[in-house]
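Undergrad: Encoded as structure tokens, here's the structure I'll be asking about.
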Protein chains: 2
Amino acid sequence: MSSSSPSAAPAGALAGLAGAVAPVDAAAAAAARARWDELAKPRGSLGRLEELGVTLAAIAGAAPPPVPERARLIVCAGDHGAVASGASAWPSEVTGAIAATICAGRAGASALARAVGCEVTVLDVGVASDLPAHPLLRSARVRPGTADLTKGPAMRREEAEAAVRAGLEAATDAAADADVLVTGDMGIGNTTAAACLVATFTGRPADEVTGPGAGADPEQLAHKVALVAGALALHRPGPADPLGALAAVGGLEHAALVGVILGGAAARRPVILDGVNAVAAALVATTLCPASLGYLIAGHRSPEPGATHGLAHLGLAPLLEMGMRLGEGTGALLALPLLRAAARALAEMATLAEAAGG
Amino acid sequence: MSSSSPSAAPAGALAGLAGAVAPVDAAAAAAARARWDELAKPRGSLGRLEELGVTLAAIAGAAPPPVPERARLIVCAGDHGAVASGASAWPSEVTGAIAATICAGRAGASALARAVGCEVTVLDVGVASDLPAHPLLRSARVRPGTADLTKGPAMRREEAEAAVRAGLEAATDAAADADVLVTGDMGIGNTTAAACLVATFTGRPADEVTGPGAGADPEQLAHKVALVAGALALHRPGPADPLGALAAVGGLEHAALVGVILGGAAARRPVILDGVNAVAAALVATTLCPASLGYLIAGHRSPEPGATHGLAHLGLAPLLEMGMRLGEGTGALLALPLLRAAARALAEMATLAEAAGG
């Protein structure tokens, strides 16, 4: 495919993004570490909750960090042309039906968002079917689903950029009244595109990064692996041109998730990654803008093999391992209480000296 | 030590307990499984959250189960005579200081309980130092700490029974306005007693079930292993007499935790287990009353090796693995949002038919 820029720098309207994301604050991280060691507990005894508190301090630039009470899940939704080539056992119509179900408050993400205290936005950047207007729906449709990535580029570079911008604007708006952003996705066929992206950025072959997604049987999985391998051979996407790779083999919702990550990082908000689709987007985002990595928290480990390979490439350890593969942000939502717990413990616990004294 | 009953049946005042715990409801569990498969998601895609929903349905006898909004943590506190023999690097005075810190709302458990929405009770069944009266403190001190289990029985059988009763009464009172109970413990030296109990009920040797607890170095750990091995050789506790084993090598707070488990189960409440001390108590409780096992949810995996061996013996898989070893119920508290999420998803999600229809 054509490329307006041969370098790793983001092209066009995204060019300024890398500079808009400040590195996380190493001094605040060090102060948080020191504070954990003063608190009334054996050193290190809160385990990974301590690491999480350090990460939150680095992001906020404050130790203790503020408690991330106000949260917003942004479910990026789009359809996939590769469904016509058998990328999923489910029809594309399900994308719109579930997006509407999320808006109606009756999807998995809806129930879990209520359980943990999180607002929800559905961001339509590419659903093929029409979605009725709804207060939770943010419409920014770039095109009604991608083209079939097994036959040609999924979208034009300008379309990928537009979807990134839509995610970025949604995240920027969300950050006005949310302390933390949660990533979600809805798109029948999107684990095929995610596998292509993970292969692109980790260098792993198709059969190592492709999984059953929403429930492919072994025969369907073998077909998915062949689709991914074929797409990689056709487009030869590489990490030197992340936006080009995104346009060639990604989804519109992956592009929007890239924007959510960059927008969240620019606003100094923690961004909780959900499953393989969020991880695929994180690989793109952190290649475009390495400083954004410091704002990412891996909410859970999806059973999709691409999630594990992608997280390892990013150097992120997931907080939860519940075998969840629903998408919509469900796994990331369950990690949200852990962030609040880490921040509260760091802020509210007595020191050893205080506890001994009284 | 003397034994008033050679059989596995609980003695004296505890004799009626096994009968007071009803088995969990297999029909409700089956109904919950069937409901998960009807909901708008790929089958099984909520992973372990689905199992958790099934467990909650079985406990409540209803599918979907009620959402366990109202929760109470009961931190059972006691001191240990074995500290005089080097069971811990920390002095016994810390038990009372931290119990007071929990009451003051400034301990690790306090911060985490606020983060997840959980009330807190501190149940003193055997703290050696005096605790000032406090609204969160429930005083039921059986004796001011156990005797040194490395030299003789930790307590008399009647004392163990009294501590079990204290926990049971606290759980029964808590169940009046809590949908779920969370176990916690505070007691310098208690991982040594817990290791003795885990060895007793799993049949594993001292060196496999004994860990560093609050932070023993390798030399101190070797000493702890020797203490545990010595206590096992001295008392020869066995699963045929669970109350006798509890009295010989347990702690007063372990006995109280046995009562919390049995009281919670009798009231048909889920009981979330924290770390190795709760697991040790669960081994005693489920031997006294096998039906109580169905009410137990393993909140997390403590790094203490006895926790892993005990959970495997119970057949329980922990929800979280955060490397937490603070005690006080901190690990169990973090699992609470998962219970609420599972119940909400089961109750509030649309079916596939509903989602497809609109």
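Residues are named by chain letter and number: chains run A, B, ... in the order of the structure tokens, numbers start at 1 in each chain, and ligands are numbered from 1 in the order shown.
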Using only C-alpha atoms, find each residue in chain B having at least one atom no more than 8 Å away from chain A; report its shortest atom-to-atom pair and that distance in Å (one decimal), rows by chain then rising number, as a Markdown table.
TA:
| residue | atom | partner | partner_atom | distance |
| --- | --- | --- | --- | --- |
| B:Ala40 | CA | A:Ala107 | CA | 6.9 |
| B:Lys41 | CA | A:Leu326 | CA | 6.6 |
| B:Pro42 | CA | A:Ala214 | CA | 5.7 |
| B:Arg43 | CA | A:Gly215 | CA | 7.8 |
| B:Ser45 | CA | A:Arg325 | CA | 4.9 |
| B:Leu46 | CA | A:Met324 | CA | 4.6 |
| B:Gly47 | CA | A:Gly323 | CA | 4.5 |
| B:Arg48 | CA | A:Met322 | CA | 5.1 |
| B:Leu49 | CA | A:Met322 | CA | 7.0 |
| B:Val94 | CA | A:Ala356 | CA | 7.4 |
| B:Ala97 | CA | A:Ala356 | CA | 6.0 |
| B:Ile98 | CA | A:Ala355 | CA | 6.5 |
| B:Ala100 | CA | A:Gly358 | CA | 7.6 |
| B:Thr101 | CA | A:Ala355 | CA | 6.1 |
| B:Arg106 | CA | A:Met349 | CA | 4.7 |
| B:Ala107 | CA | A:Met349 | CA | 5.2 |
| B:Gly108 | CA | A:Met349 | CA | 5.9 |
| B:Ser110 | CA | A:Met349 | CA | 7.8 |
| B:Ala111 | CA | A:Ala345 | CA | 5.1 |
| B:Leu112 | CA | A:Ala341 | CA | 5.3 |
| B:Ala115 | CA | A:Ala341 | CA | 5.2 |
| B:Val116 | CA | A:Pro337 | CA | 6.8 |
| B:Ala214 | CA | A:Pro42 | CA | 5.7 |
| B:Gly215 | CA | A:Pro42 | CA | 6.6 |
| B:Leu319 | CA | A:Met322 | CA | 7.4 |
| B:Leu320 | CA | A:Leu320 | CA | 6.7 |
| B:Glu321 | CA | A:Leu320 | CA | 7.6 |
| B:Met322 | CA | A:Arg48 | CA | 5.1 |
| B:Gly323 | CA | A:Gly47 | CA | 4.5 |
| B:Met324 | CA | A:Gly47 | CA | 4.6 |
| B:Arg325 | CA | A:Ser45 | CA | 4.9 |
| B:Leu326 | CA | A:Ser45 | CA | 5.0 |
| B:Leu334 | CA | A:Leu338 | CA | 6.8 |
| B:Pro337 | CA | A:Val116 | CA | 6.8 |
| B:Leu338 | CA | A:Leu334 | CA | 6.9 |
| B:Arg340 | CA | A:Ala115 | CA | 6.1 |
| B:Ala341 | CA | A:Ala115 | CA | 5.2 |
| B:Ala342 | CA | A:Leu112 | CA | 8.0 |
| B:Arg344 | CA | A:Ala111 | CA | 5.6 |
| B:Ala345 | CA | A:Ala111 | CA | 5.1 |
| B:Glu348 | CA | A:Ala111 | CA | 6.1 |
| B:Met349 | CA | A:Arg106 | CA | 4.7 |
| B:Ala350 | CA | A:Arg106 | CA | 5.2 |
| B:Ala355 | CA | A:Thr101 | CA | 6.1 |
| B:Ala356 | CA | A:Ala97 | CA | 6.0 |
| B:Gly358 | CA | A:Ala97 | CA | 6.7 |
Undergrad: For Arg72 (chain A), find every residue with an atom within 10 Å (counting only C-alpha atoms), except residues of its own chain fewer than 3 positions away, and show them as a list in words.
TA: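 Listing them by chain and then by number gives Glu69, Val75, Ala113, Gly117, Cys118, Glu119, Val120, Thr121, Ala171, Ala174, Ala175, Asp177, Ala178, Asp179, Val180, Leu181, Val182, Thr183, Val271 and Leu333 of chain A.
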Undergrad: From a backbone DSSP assignment, name each residue in region 147-265 of chain A labelled strand (DSSP E or B), as a ChimeraX atom specification.
TA: /A:180-186
Undergrad: With distances taken over only C-alpha atoms, which residue among B:Leu149, B:Ala267, B:Ala163, B:Leu252 lies nearest Ser85 (chain B)?
TA: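 When distances to Ser85 (chain B) are compared using only C-alpha atoms, the smallest one comes from B:Leu149.
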Undergrad: Which residue out of B:Val122, B:Leu293, B:Ala154, B:Ala20 has the minimum interatomic distance to Ser139 (chain B) when only C-alpha atoms are used?
TA: B:Val122
